[in-house]
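Visitor: Please find my_file.pdb (PDB, C-alpha atoms) on the next line:
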ATOM      1  CA  MET U1187     101.683  61.996  23.411
ATOM      2  CA  PRO U1188     104.851  61.832  21.240
ATOM      3  CA  PHE U1189     104.693  58.039  21.483
ATOM      4  CA  LEU U1190     101.107  58.002  20.165
ATOM      5  CA  GLN U1191     102.117  60.359  17.357
ATOM      6  CA  LEU U1192     104.953  57.997  16.468
ATOM      7  CA  ILE U1193     102.524  55.061  16.309
ATOM      8  CA  ALA U1194     100.147  57.052  14.090
ATOM      9  CA  ARG U1195     102.973  58.021  11.706
ATOM     10  CA  ARG U1196     104.216  54.427  11.484
ATOM     11  CA  LEU U1197     100.704  53.110  10.772
ATOM     12  CA  LEU U1198     100.212  55.639   7.974
ATOM     13  CA  GLN U1199     103.545  54.627   6.475
ATOM     14  CA  LEU U1200     102.527  50.993   6.835
ATOM     15  CA  ILE U1201      99.440  51.523   4.665
ATOM     16  CA  GLY U1202     101.519  52.975   1.836
ATOM     17  CA  VAL U1203     104.124  50.229   2.099
ATOM     18  CA  LEU U1204     101.475  47.501   2.009
ATOM     19  CA  ALA U1205      99.883  49.030  -1.086
ATOM     20  CA  GLY U1206     103.246  49.066  -2.843
ATOM     21  CA  ILE U1207     103.975  45.495  -1.751
ATOM     22  CA  SER U1208     100.623  44.327  -3.122
ATOM     23  CA  LEU U1209     101.347  45.861  -6.521
ATOM     24  CA  VAL U1210     104.902  44.509  -6.771
ATOM     25  CA  THR U1211     103.816  41.045  -5.621
ATOM     26  CA  PHE U1212     101.014  40.916  -8.169
ATOM     27  CA  LEU U1213     103.251  42.008 -11.061
ATOM     28  CA  LEU U1214     106.137  39.687 -10.190
ATOM     29  CA  VAL U1215     103.907  36.631 -10.121
ATOM     30  CA  HIS U1216     101.805  37.430 -13.191
ATOM     31  CA  LEU U1217     104.676  38.551 -15.407
ATOM     32  CA  ALA U1218     106.682  35.393 -14.717
ATOM     33  CA  PRO U1219     106.850  32.936 -17.631
ATOM     34  CA  GLY U1220     104.511  29.962 -17.670
ATOM     35  CA  ASP U1221     100.775  29.342 -17.902
ATOM     36  CA  PRO U1222      99.175  27.967 -14.720
ATOM     37  CA  ALA U1223      96.046  26.963 -16.648
ATOM     38  CA  ARG U1224      98.063  24.679 -18.945
ATOM     39  CA  LEU U1225      99.915  23.176 -15.985
ATOM     40  CA  LEU U1226      96.614  22.573 -14.198
ATOM     41  CA  ALA U1227      94.950  21.021 -17.240
ATOM     42  CA  GLY U1228      97.922  18.924 -18.345
ATOM     43  CA  ASP U1229      99.939  18.732 -21.542
ATOM     44  CA  ARG U1230      97.260  16.823 -23.453
ATOM     45  CA  ALA U1231      94.404  19.185 -22.629
ATOM     46  CA  SER U1232      92.556  20.811 -25.506
ATOM     47  CA  ALA U1233      92.560  24.532 -26.152
ATOM     48  CA  GLU U1234      88.911  24.717 -25.099
ATOM     49  CA  THR U1235      89.695  23.142 -21.718
ATOM     50  CA  ILE U1236      92.568  25.544 -21.114
ATOM     51  CA  ALA U1237      90.390  28.505 -22.111
ATOM     52  CA  ALA U1238      87.652  27.345 -19.707
ATOM     53  CA  ILE U1239      90.159  27.116 -16.845
ATOM     54  CA  ARG U1240      91.546  30.569 -17.616
ATOM     55  CA  SER U1241      88.015  31.975 -17.645
ATOM     56  CA  GLN U1242      87.137  30.201 -14.387
ATOM     57  CA  TYR U1243      90.047  31.788 -12.529
ATOM     58  CA  GLY U1244      89.894  35.140 -14.293
ATOM     59  CA  LEU U1245      93.236  34.666 -16.008
ATOM     60  CA  ASP U1246      91.789  35.772 -19.348
ATOM     61  CA  LEU U1247      91.009  39.272 -18.055
ATOM     62  CA  PRO U1248      93.335  42.246 -18.703
ATOM     63  CA  LEU U1249      96.112  42.590 -16.154
ATOM     64  CA  TRP U1250      94.705  45.794 -14.653
ATOM     65  CA  ARG U1251      91.301  44.168 -14.083
ATOM     66  CA  GLN U1252      92.969  41.166 -12.445
ATOM     67  CA  PHE U1253      94.799  43.561 -10.128
ATOM     68  CA  LEU U1254      91.629  45.434  -9.172
ATOM     69  CA  THR U1255      89.896  42.125  -8.458
ATOM     70  CA  TYR U1256      92.908  41.049  -6.426
ATOM     71  CA  LEU U1257      92.793  44.259  -4.342
ATOM     72  CA  ALA U1258      89.052  43.985  -3.773
ATOM     73  CA  ASN U1259      89.405  40.400  -2.596
ATOM     74  CA  LEU U1260      92.436  41.291  -0.494
ATOM     75  CA  VAL U1261      90.460  43.881   1.472
ATOM     76  CA  THR U1262      87.973  41.180   2.455
ATOM     77  CA  GLY U1263      90.759  38.742   3.413
ATOM     78  CA  ASP U1264      90.413  36.612   0.268
ATOM     79  CA  ILE U1265      93.884  35.939  -1.189
ATOM     80  CA  GLY U1266      92.574  33.534  -3.796
ATOM     81  CA  LEU U1267      91.982  29.853  -4.436
ATOM     82  CA  SER U1268      94.874  27.428  -4.796
ATOM     83  CA  LEU U1269      95.037  25.968  -8.297
ATOM     84  CA  ARG U1270      96.556  22.710  -7.044
ATOM     85  CA  PHE U1271      94.721  22.057  -3.786
ATOM     86  CA  GLN U1272      91.417  23.738  -4.703
ATOM     87  CA  ARG U1273      91.371  25.339  -1.259
ATOM     88  CA  PRO U1274      91.454  28.994  -0.180
ATOM     89  CA  VAL U1275      95.039  30.220   0.053
ATOM     90  CA  ILE U1276      94.397  31.723   3.477
ATOM     91  CA  GLN U1277      93.529  28.252   4.809
ATOM     92  CA  LEU U1278      96.761  26.803   3.424
ATOM     93  CA  ILE U1279      98.792  29.609   4.978
ATOM     94  CA  GLU U1280      97.078  29.123   8.338
ATOM     95  CA  GLN U1281      97.829  25.396   8.145
ATOM     96  CA  PHE U1282     101.521  25.772   7.257
ATOM     97  CA  MET U1283     102.393  28.916   9.231
ATOM     98  CA  TRP U1284     102.600  27.380  12.713
ATOM     99  CA  PRO U1285     105.706  25.223  12.116
ATOM    100  CA  THR U1286     107.490  28.250  10.645
ATOM    101  CA  LEU U1287     106.518  30.513  13.564
ATOM    102  CA  PHE U1288     107.451  27.843  16.117
ATOM    103  CA  LEU U1289     110.807  27.331  14.409
ATOM    104  CA  THR U1290     111.495  31.079  14.314
ATOM    105  CA  ILE U1291     110.728  31.530  18.026
ATOM    106  CA  TYR U1292     112.785  28.418  18.785
ATOM    107  CA  VAL U1293     115.787  29.889  16.948
ATOM    108  CA  VAL U1294     115.507  33.180  18.848
ATOM    109  CA  CYS U1295     115.315  31.361  22.198
ATOM    110  CA  LEU U1296     118.438  29.360  21.329
ATOM    111  CA  ALA U1297     120.355  32.346  19.926
ATOM    112  CA  VAL U1298     119.742  35.179  22.414
ATOM    113  CA  PRO U1299     121.286  33.719  25.631
ATOM    114  CA  PRO U1300     124.660  32.730  24.067
ATOM    115  CA  THR U1301     124.709  36.061  22.217
ATOM    116  CA  ILE U1302     124.528  38.019  25.468
ATOM    117  CA  VAL U1303     127.116  35.826  27.210
ATOM    118  CA  LEU U1304     129.610  35.848  24.328
ATOM    119  CA  ALA U1305     129.226  39.585  23.704
ATOM    120  CA  ILE U1306     129.857  40.385  27.378
ATOM    121  CA  LEU U1307     132.893  38.090  27.524
ATOM    122  CA  GLY U1308     134.342  39.618  24.371
ATOM    123  CA  ALA U1309     133.658  43.221  25.388
ATOM    124  CA  ARG U1310     135.302  42.888  28.802
ATOM    125  CA  ARG U1311     138.797  42.698  27.292
ATOM    126  CA  PRO U1312     138.688  43.685  23.609
ATOM    127  CA  GLY U1313     141.535  42.060  21.723
ATOM    128  CA  GLY U1314     142.242  39.562  24.499
ATOM    129  CA  ALA U1315     142.498  35.818  24.108
ATOM    130  CA  THR U1316     138.816  35.216  24.935
ATOM    131  CA  ASP U1317     137.712  37.919  22.525
ATOM    132  CA  GLN U1318     139.858  36.497  19.725
ATOM    133  CA  ILE U1319     138.501  32.990  20.239
ATOM    134  CA  ILE U1320     134.920  34.286  20.161
ATOM    135  CA  ARG U1321     135.573  36.271  16.993
ATOM    136  CA  LEU U1322     137.235  33.333  15.228
ATOM    137  CA  ALA U1323     134.368  31.045  16.220
ATOM    138  CA  GLY U1324     131.940  33.663  14.928
ATOM    139  CA  ILE U1325     133.704  33.862  11.576
ATOM    140  CA  ALA U1326     133.571  30.069  11.305
ATOM    141  CA  GLY U1327     129.851  30.114  12.098
ATOM    142  CA  LEU U1328     129.182  32.705   9.412
ATOM    143  CA  THR U1329     131.175  30.931   6.701
ATOM    144  CA  ILE U1330     129.445  27.555   7.114
ATOM    145  CA  PRO U1331     126.384  27.397   4.809
ATOM    146  CA  VAL U1332     123.179  26.733   6.710
ATOM    147  CA  PHE U1333     122.004  24.057   4.280
ATOM    148  CA  TRP U1334     125.322  22.166   4.509
ATOM    149  CA  LEU U1335     125.326  22.391   8.299
ATOM    150  CA  GLY U1336     121.714  21.190   8.347
ATOM    151  CA  ILE U1337     122.546  18.178   6.175
ATOM    152  CA  MET U1338     125.592  17.250   8.278
ATOM    153  CA  MET U1339     123.739  17.603  11.587
ATOM    154  CA  SER U1340     120.782  15.652  10.235
ATOM    155  CA  ARG U1341     123.050  12.844   9.064
ATOM    156  CA  PHE U1342     125.151  12.657  12.248
ATOM    157  CA  PHE U1343     122.683  13.372  15.075
ATOM    158  CA  GLY U1344     119.625  12.030  13.272
ATOM    159  CA  VAL U1345     120.695   9.108  11.094
ATOM    160  CA  SER U1346     123.922   7.911  12.739
ATOM    161  CA  LEU U1347     123.146   8.516  16.429
ATOM    162  CA  GLY U1348     119.353   8.535  16.206
ATOM    163  CA  TRP U1349     119.013  11.253  18.838
ATOM    164  CA  PHE U1350     116.668  13.507  16.884
ATOM    165  CA  PRO U1351     114.151  13.082  14.044
ATOM    166  CA  VAL U1352     115.339  14.232  10.648
ATOM    167  CA  SER U1353     111.924  15.261   9.299
ATOM    168  CA  GLY U1354     108.470  16.344  10.325
ATOM    169  CA  TYR U1355     107.009  18.634  12.961
ATOM    170  CA  GLY U1356     105.926  16.233  15.707
ATOM    171  CA  THR U1357     102.810  16.390  17.867
ATOM    172  CA  GLY U1358     102.434  18.383  21.057
ATOM    173  CA  PHE U1359     104.800  20.973  22.486
ATOM    174  CA  THR U1360     107.531  18.518  23.479
ATOM    175  CA  GLY U1361     107.218  16.791  20.104
ATOM    176  CA  HIS U1362     107.711  20.112  18.334
ATOM    177  CA  LEU U1363     110.771  20.866  20.468
ATOM    178  CA  HIS U1364     112.246  17.459  19.683
ATOM    179  CA  HIS U1365     111.584  17.487  15.931
ATOM    180  CA  LEU U1366     112.669  21.095  15.372
ATOM    181  CA  PHE U1367     115.789  21.099  17.562
ATOM    182  CA  LEU U1368     118.237  20.360  14.740
ATOM    183  CA  PRO U1369     116.799  22.905  12.264
ATOM    184  CA  ALA U1370     116.616  25.523  15.029
ATOM    185  CA  LEU U1371     120.172  24.811  16.184
ATOM    186  CA  SER U1372     121.640  24.917  12.677
ATOM    187  CA  THR U1373     119.995  28.304  12.099
ATOM    188  CA  ALA U1374     121.011  29.636  15.527
ATOM    189  CA  ILE U1375     124.661  28.737  14.858
ATOM    190  CA  TRP U1376     124.507  31.107  11.902
ATOM    191  CA  LEU U1377     122.562  33.816  13.784
ATOM    192  CA  VAL U1378     124.607  33.989  17.017
ATOM    193  CA  PRO U1379     127.831  35.383  15.436
ATOM    194  CA  VAL U1380     125.922  38.186  13.705
ATOM    195  CA  LEU U1381     124.179  39.301  16.897
ATOM    196  CA  THR U1382     127.301  38.793  19.033
ATOM    197  CA  GLN U1383     129.461  41.084  16.920
ATOM    198  CA  SER U1384     126.774  43.766  16.956
ATOM    199  CA  LEU U1385     126.256  43.673  20.723
ATOM    200  CA  ARG U1386     129.998  43.386  21.437
ATOM    201  CA  ALA U1387     130.780  46.469  19.331
ATOM    202  CA  ALA U1388     127.975  48.437  21.015
ATOM    203  CA  LEU U1389     129.188  47.471  24.504
ATOM    204  CA  ILE U1390     132.745  48.525  23.704
ATOM    205  CA  GLU U1391     131.484  51.831  22.325
ATOM    206  CA  LYS U1392     129.350  52.540  25.404
ATOM    207  CA  THR U1393     132.255  51.871  27.782
ATOM    208  CA  GLY U1394     133.614  55.390  27.273
ATOM    209  CA  ALA U1395     130.271  57.177  27.029
ATOM    210  CA  ASP U1396     129.747  60.288  29.157
ATOM    211  CA  TYR U1397     126.727  58.888  30.998
ATOM    212  CA  VAL U1398     128.744  55.791  31.966
ATOM    213  CA  THR U1399     131.502  57.993  33.385
ATOM    214  CA  ALA U1400     128.884  60.072  35.214
ATOM    215  CA  ALA U1401     127.324  56.935  36.710
ATOM    216  CA  ARG U1402     130.716  55.825  38.024
ATOM    217  CA  ALA U1403     131.374  59.307  39.447
ATOM    218  CA  GLN U1404     128.082  59.136  41.342
ATOM    219  CA  GLY U1405     129.297  56.037  43.169
ATOM    220  CA  ALA U1406     127.501  53.313  41.219
ATOM    221  CA  SER U1407     129.164  49.910  41.276
ATOM    222  CA  GLU U1408     130.500  48.358  38.114
ATOM    223  CA  ARG U1409     127.666  45.832  38.211
ATOM    224  CA  GLN U1410     125.066  48.594  38.386
ATOM    225  CA  VAL U1411     126.813  50.593  35.672
ATOM    226  CA  PHE U1412     126.818  47.609  33.325
ATOM    227  CA  TRP U1413     123.307  46.230  33.865
ATOM    228  CA  GLN U1414     121.467  49.518  34.398
ATOM    229  CA  THR U1415     123.358  51.898  32.085
ATOM    230  CA  MET U1416     125.570  50.218  29.506
ATOM    231  CA  LEU U1417     123.579  47.153  28.470
ATOM    232  CA  PRO U1418     120.149  48.872  28.036
ATOM    233  CA  ASN U1419     121.738  51.442  25.718
ATOM    234  CA  ALA U1420     123.952  48.961  23.859
ATOM    235  CA  VAL U1421     121.140  46.493  23.183
ATOM    236  CA  LEU U1422     119.144  48.862  20.943
ATOM    237  CA  PRO U1423     121.203  48.381  17.731
ATOM    238  CA  THR U1424     121.216  44.622  18.285
ATOM    239  CA  LEU U1425     117.447  44.669  18.863
ATOM    240  CA  ASN U1426     116.957  46.319  15.478
ATOM    241  CA  LEU U1427     119.298  43.803  13.873
ATOM    242  CA  LEU U1428     117.422  40.933  15.540
ATOM    243  CA  GLY U1429     114.150  42.215  14.097
ATOM    244  CA  VAL U1430     115.640  42.236  10.606
ATOM    245  CA  MET U1431     117.057  38.735  11.059
ATOM    246  CA  VAL U1432     113.744  37.363  12.369
ATOM    247  CA  ALA U1433     111.944  38.776   9.342
ATOM    248  CA  TYR U1434     114.616  37.229   7.130
ATOM    249  CA  MET U1435     114.193  33.848   8.837
ATOM    250  CA  ILE U1436     110.432  33.840   8.243
ATOM    251  CA  GLY U1437     110.888  34.619   4.559
ATOM    252  CA  GLY U1438     114.011  32.501   4.156
ATOM    253  CA  ALA U1439     112.726  29.365   5.857
ATOM    254  CA  ILE U1440     112.777  27.519   2.534
ATOM    255  CA  ILE U1441     116.313  26.148   2.968
ATOM    256  CA  VAL U1442     115.995  24.763   6.488
ATOM    257  CA  GLU U1443     112.454  23.489   6.034
ATOM    258  CA  THR U1444     113.447  21.729   2.810
ATOM    259  CA  VAL U1445     116.469  20.040   4.404
ATOM    260  CA  TYR U1446     114.473  18.796   7.396
ATOM    261  CA  ALA U1447     111.132  18.319   5.595
ATOM    262  CA  VAL U1448     109.350  20.679   7.985
ATOM    263  CA  PRO U1449     105.765  21.326   6.798
ATOM    264  CA  GLY U1450     106.047  25.105   7.021
ATOM    265  CA  LEU U1451     105.632  28.111   4.759
ATOM    266  CA  GLY U1452     108.959  27.438   3.037
ATOM    267  CA  THR U1453     107.859  23.963   2.015
ATOM    268  CA  LEU U1454     104.531  25.354   0.806
ATOM    269  CA  MET U1455     106.375  27.988  -1.252
ATOM    270  CA  VAL U1456     108.606  25.401  -2.951
ATOM    271  CA  GLY U1457     105.605  23.277  -3.919
ATOM    272  CA  ALA U1458     103.716  26.313  -5.191
ATOM    273  CA  LEU U1459     106.657  27.507  -7.292
ATOM    274  CA  LEU U1460     107.175  24.091  -8.870
ATOM    275  CA  GLY U1461     103.447  23.776  -9.581
ATOM    276  CA  ARG U1462     103.030  27.353 -10.823
ATOM    277  CA  ASP U1463     100.299  27.889  -8.246
ATOM    278  CA  TYR U1464      99.943  31.620  -8.834
ATOM    279  CA  TYR U1465      97.691  32.488  -5.948
ATOM    280  CA  VAL U1466      99.657  30.554  -3.326
ATOM    281  CA  VAL U1467     102.952  32.156  -4.424
ATOM    282  CA  GLN U1468     101.268  35.537  -4.468
ATOM    283  CA  GLY U1469      99.758  35.044  -1.020
ATOM    284  CA  LEU U1470     102.988  33.739   0.516
ATOM    285  CA  THR U1471     105.044  36.568  -0.959
ATOM    286  CA  LEU U1472     102.572  39.027   0.488
ATOM    287  CA  VAL U1473     102.709  37.291   3.884
ATOM    288  CA  PHE U1474     106.512  37.364   3.933
ATOM    289  CA  ALA U1475     106.580  41.031   3.001
ATOM    290  CA  VAL U1476     103.907  41.981   5.527
ATOM    291  CA  SER U1477     105.754  40.006   8.222
ATOM    292  CA  THR U1478     108.901  42.012   7.512
ATOM    293  CA  VAL U1479     107.037  45.304   7.697
ATOM    294  CA  VAL U1480     105.145  44.385  10.882
ATOM    295  CA  ILE U1481     108.265  43.098  12.656
ATOM    296  CA  THR U1482     110.134  46.270  11.695
ATOM    297  CA  LEU U1483     107.238  48.340  13.045
ATOM    298  CA  VAL U1484     107.223  46.428  16.349
ATOM    299  CA  VAL U1485     110.990  46.841  16.728
ATOM    300  CA  ASP U1486     110.723  50.579  16.006
ATOM    301  CA  LEU U1487     108.033  50.947  18.662
ATOM    302  CA  LEU U1488     110.060  48.918  21.180
ATOM    303  CA  THR U1489     113.096  51.091  20.460
ATOM    304  CA  ALA U1490     111.035  54.234  20.974
ATOM    305  CA  PHE U1491     109.629  52.830  24.213
ATOM    306  CA  ILE U1492     113.123  52.026  25.542
ATOM    307  CA  ASP U1493     114.855  55.184  24.267
ATOM    308  CA  PRO U1494     112.842  58.418  24.766
ATOM    309  CA  ARG U1495     115.083  60.246  22.275
ATOM    310  CA  VAL U1496     113.569  58.249  19.406
ATOM    311  CA  ARG U1497     110.082  59.511  20.266
ATOM    312  CA  LEU U1498     111.292  63.074  19.746
TER     313      LEU U1498
END
Represent the structure of the file as structure tokens.
Guide:
Amino acid sequence: MPFLQLIARRLLQLIGVLAGISLVTFLLVHLAPGDPARLLAGDRASAETIAAIRSQYGLDLPLWRQFLTYLANLVTGDIGLSLRFQRPVIQLIEQFMWPTLFLTIYVVCLAVPPTIVLAILGARRPGGATDQIIRLAGIAGLTIPVFWLGIMMSRFFGVSLGWFPVSGYGTGFTGHLHHLFLPALSTAIWLVPVLTQSLRAALIEKTGADYVTAARAQGASERQVFWQTMLPNAVLPTLNLLGVMVAYMIGGAIIVETVYAVPGLGTLMVGALLGRDYYVVQGLTLVFAVSTVVITLVVDLLTAFIDPRVRL
């Protein structure tokens, strides 16, 4: 029952957050400088042509009426019509979202196993030689810019050695794995140190916890204490951090997708920003924000499912 109440509370909060996100997204896009109708018509278009385009897309209406129309369409799943492609924005997002989702899952699959191994090795002897090496390597991984690492890896492994493609998405599952390995690896190199430090610190903290001491006093082996008591409790903060980082990767895919020419949401966002495609930018911003909220909700529910204290 408390778990169902928690879900109900989170869903009610989600409705309010989504309403606020819709308003902020609408205002940010429409108050930005530039006239999409003039960009669509061209520099030599007459005033009558520009006025007709503004009337066609409802850009001549007062801002509050545009927002009400936007909300009404949003309820029915209509985000708008792309000014550049003359296609529904929802179709464009559906077309470009799969490379971004595949890349995000790929990064998580590459980052989680080394995170667990490195955190365990570092937490066994805090301050030891192994721990110091892991921490120094983590600092190096955090200081290297993702875009620079992506360019260097693309040039060396893609251009010089020819092991991996330097652009595109590929066809089929194995093709996706092959084409997206370098962008996923360059992102994972940045993600692993963040998760490792979080999990390492949590493991060290749980070493002296009362329930760990009680488990040892009851005759549990060190292996049982670690895998059944310490790790499940230490992984919760890192799970929350992972959720935040995954949401950040979905919204921040512009850098990696631009470097490797991946046809994902980041690439679509860059093209829409350069072309002043209002409705695509608006729809993508909303998708990124909703993704963050939904991922946070899922992580909160997983945390409550793992730790009964959260449900109370």
Visitor: Residues picked by the PyMOL selection byres ((chain U and resi 1391) around 12) here, as a PyMOL selection string?
Guide: chain U and resi 1309-1310+1312+1384-1390+1392-1396+1398+1416-1417+1419-1421+1423
Visitor: Quick one: distance from CA of Gln1468 (chain U) to CA of Gln1252 (chain U) in Å, one decimal?
Guide: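 Calculated distance between CA of Gln1468 (chain U) and CA of Gln1252 (chain U) is 12.8 Å.
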Visitor: Given the file above and the PyMOL selection byres ((chain U and resi 1446) around 10), which residues are selected, and can you give them as a list in words?
Guide: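 Listing what the PyMOL selection byres ((chain U and resi 1446) around 10) selects in the shown file: Phe1333, Gly1336, Ile1337, Ser1340, Pro1351, Val1352, Ser1353, Gly1354, Tyr1355, His1365, Leu1366, Leu1368, Pro1369, Ile1441, Val1442, Glu1443, Thr1444, Val1445, Ala1447, Val1448, Pro1449 and Thr1453 of chain U.
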Visitor: If I take CA of Val1293 (chain U) and CA of Trp1349 (chain U), how far is one from the other in Å, to one decimal?
Guide: 19.0 Å
Visitor: Do you know which residues are at most 12 Å from Gly1206 (chain U) counting all atoms listed in the file, after dropping those on the same chain fewer than 4 positions away, and could you put them as a VMD selection string?
Guide: chain U and resid 1199 to 1202 1210 to 1213 1257 1472 1475 to 1476 1479
Visitor: Any chance you can output those residues with C-alpha atoms as a short mmCIF file (atom, residue, chain, number, x, y, z; two decimals), in the coordinates of the input?
Guide:
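See out-v3.cif below for the written result:
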data_model
loop_
_atom_site.label_atom_id
_atom_site.label_comp_id
_atom_site.auth_asym_id
_atom_site.auth_seq_id
_atom_site.Cartn_x
_atom_site.Cartn_y
_atom_site.Cartn_z
CA GLN U 1199 103.54 54.63 6.48
CA LEU U 1200 102.53 50.99 6.84
CA ILE U 1201 99.44 51.52 4.66
CA GLY U 1202 101.52 52.98 1.84
CA VAL U 1210 104.90 44.51 -6.77
CA THR U 1211 103.82 41.04 -5.62
CA PHE U 1212 101.01 40.92 -8.17
CA LEU U 1213 103.25 42.01 -11.06
CA LEU U 1257 92.79 44.26 -4.34
CA LEU U 1472 102.57 39.03 0.49
CA ALA U 1475 106.58 41.03 3.00
CA VAL U 1476 103.91 41.98 5.53
CA VAL U 1479 107.04 45.30 7.70
#
Visitor: Around all of region 1292-1309 of chain U's listed atoms, make the axis-aligned box with 6 Å on each side and tell me centre and edge lengths in Å to one decimal, as AutoDock Vina command-line options.
Guide:
--center_x 123.6 --center_y 35.8 --center_z 22.2 --size_x 33.6 --size_y 26.8 --size_z 22.6
Visitor: Which neighbours of Val1430 (chain U) fall inside 12 Å, counting all atoms listed in the file, when residues of the same chain fewer than 2 positions from it are skipped, and could you give them as a ChimeraX atom specification?
Guide: /U:1377,1380-1381,1423-1428,1432-1438,1475,1477-1486
Visitor: Just give me the gap between CA of Leu1287 (chain U) and CA of Gly1356 (chain U) in Å, one decimal is fine.
Guide: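 CA of Leu1287 (chain U) sits 14.5 Å away from CA of Gly1356 (chain U).
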Visitor: Running the PyMOL selection byres ((chain U and resi 1321) around 12) on this model by hand, what would come out? Give it as a count of residues only.
Guide: 30
Visitor: Please determine, counting all atoms listed in the file, which residue among U:Thr1301, U:Tyr1243, U:Leu1454, U:Met1283 has the shortest atom-to-atom distance to Thr1255 (chain U).
Guide: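 The shortest atom-to-atom distance to Thr1255 (chain U) comes from U:Tyr1243.
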Visitor: Kindly add N, CA and C atoms to the incomplete region 1463-1481 of chain U and provide the output as a PDB file, in the frame of the given file.
Guide:
ATOM      1  N   ASP U1463     101.540  27.545  -8.937  1.00  0.00           N
ATOM      2  CA  ASP U1463     100.299  27.889  -8.246  1.00  0.00           C
ATOM      3  C   ASP U1463     100.334  29.384  -7.943  1.00  0.00           C
ATOM      4  N   TYR U1464      99.842  30.164  -8.894  1.00  0.00           N
ATOM      5  CA  TYR U1464      99.943  31.620  -8.834  1.00  0.00           C
ATOM      6  C   TYR U1464      99.495  32.192  -7.493  1.00  0.00           C
ATOM      7  N   TYR U1465      98.305  31.815  -7.086  1.00  0.00           N
ATOM      8  CA  TYR U1465      97.691  32.488  -5.948  1.00  0.00           C
ATOM      9  C   TYR U1465      98.372  32.124  -4.628  1.00  0.00           C
ATOM     10  N   VAL U1466      98.912  30.924  -4.530  1.00  0.00           N
ATOM     11  CA  VAL U1466      99.657  30.554  -3.326  1.00  0.00           C
ATOM     12  C   VAL U1466     100.971  31.327  -3.263  1.00  0.00           C
ATOM     13  N   VAL U1467     101.701  31.393  -4.380  1.00  0.00           N
ATOM     14  CA  VAL U1467     102.952  32.156  -4.424  1.00  0.00           C
ATOM     15  C   VAL U1467     102.684  33.628  -4.117  1.00  0.00           C
ATOM     16  N   GLN U1468     101.634  34.142  -4.694  1.00  0.00           N
ATOM     17  CA  GLN U1468     101.268  35.537  -4.468  1.00  0.00           C
ATOM     18  C   GLN U1468     100.929  35.786  -3.009  1.00  0.00           C
ATOM     19  N   GLY U1469     100.138  34.879  -2.420  1.00  0.00           N
ATOM     20  CA  GLY U1469      99.758  35.044  -1.020  1.00  0.00           C
ATOM     21  C   GLY U1469     100.945  34.905  -0.081  1.00  0.00           C
ATOM     22  N   LEU U1470     101.826  33.936  -0.337  1.00  0.00           N
ATOM     23  CA  LEU U1470     102.988  33.739   0.516  1.00  0.00           C
ATOM     24  C   LEU U1470     103.955  34.910   0.415  1.00  0.00           C
ATOM     25  N   THR U1471     104.168  35.401  -0.795  1.00  0.00           N
ATOM     26  CA  THR U1471     105.044  36.568  -0.959  1.00  0.00           C
ATOM     27  C   THR U1471     104.504  37.759  -0.191  1.00  0.00           C
ATOM     28  N   LEU U1472     103.200  37.929  -0.253  1.00  0.00           N
ATOM     29  CA  LEU U1472     102.572  39.027   0.488  1.00  0.00           C
ATOM     30  C   LEU U1472     102.733  38.820   1.994  1.00  0.00           C
ATOM     31  N   VAL U1473     102.553  37.586   2.457  1.00  0.00           N
ATOM     32  CA  VAL U1473     102.709  37.291   3.884  1.00  0.00           C
ATOM     33  C   VAL U1473     104.132  37.555   4.343  1.00  0.00           C
ATOM     34  N   PHE U1474     105.122  37.130   3.572  1.00  0.00           N
ATOM     35  CA  PHE U1474     106.512  37.364   3.933  1.00  0.00           C
ATOM     36  C   PHE U1474     106.818  38.863   3.994  1.00  0.00           C
ATOM     37  N   ALA U1475     106.322  39.591   3.019  1.00  0.00           N
ATOM     38  CA  ALA U1475     106.580  41.031   3.001  1.00  0.00           C
ATOM     39  C   ALA U1475     105.888  41.740   4.164  1.00  0.00           C
ATOM     40  N   VAL U1476     104.637  41.362   4.411  1.00  0.00           N
ATOM     41  CA  VAL U1476     103.907  41.981   5.527  1.00  0.00           C
ATOM     42  C   VAL U1476     104.572  41.629   6.857  1.00  0.00           C
ATOM     43  N   SER U1477     105.058  40.400   6.997  1.00  0.00           N
ATOM     44  CA  SER U1477     105.754  40.006   8.222  1.00  0.00           C
ATOM     45  C   SER U1477     106.972  40.885   8.458  1.00  0.00           C
ATOM     46  N   THR U1478     107.727  41.146   7.390  1.00  0.00           N
ATOM     47  CA  THR U1478     108.901  42.012   7.512  1.00  0.00           C
ATOM     48  C   THR U1478     108.512  43.414   7.965  1.00  0.00           C
ATOM     49  N   VAL U1479     107.472  43.946   7.353  1.00  0.00           N
ATOM     50  CA  VAL U1479     107.037  45.304   7.697  1.00  0.00           C
ATOM     51  C   VAL U1479     106.524  45.363   9.137  1.00  0.00           C
ATOM     52  N   VAL U1480     105.718  44.383   9.526  1.00  0.00           N
ATOM     53  CA  VAL U1480     105.145  44.385  10.882  1.00  0.00           C
ATOM     54  C   VAL U1480     106.232  44.210  11.937  1.00  0.00           C
ATOM     55  N   ILE U1481     107.175  43.303  11.697  1.00  0.00           N
ATOM     56  CA  ILE U1481     108.265  43.098  12.656  1.00  0.00           C
ATOM     57  C   ILE U1481     109.110  44.359  12.774  1.00  0.00           C
TER      58      ILE U1481
END
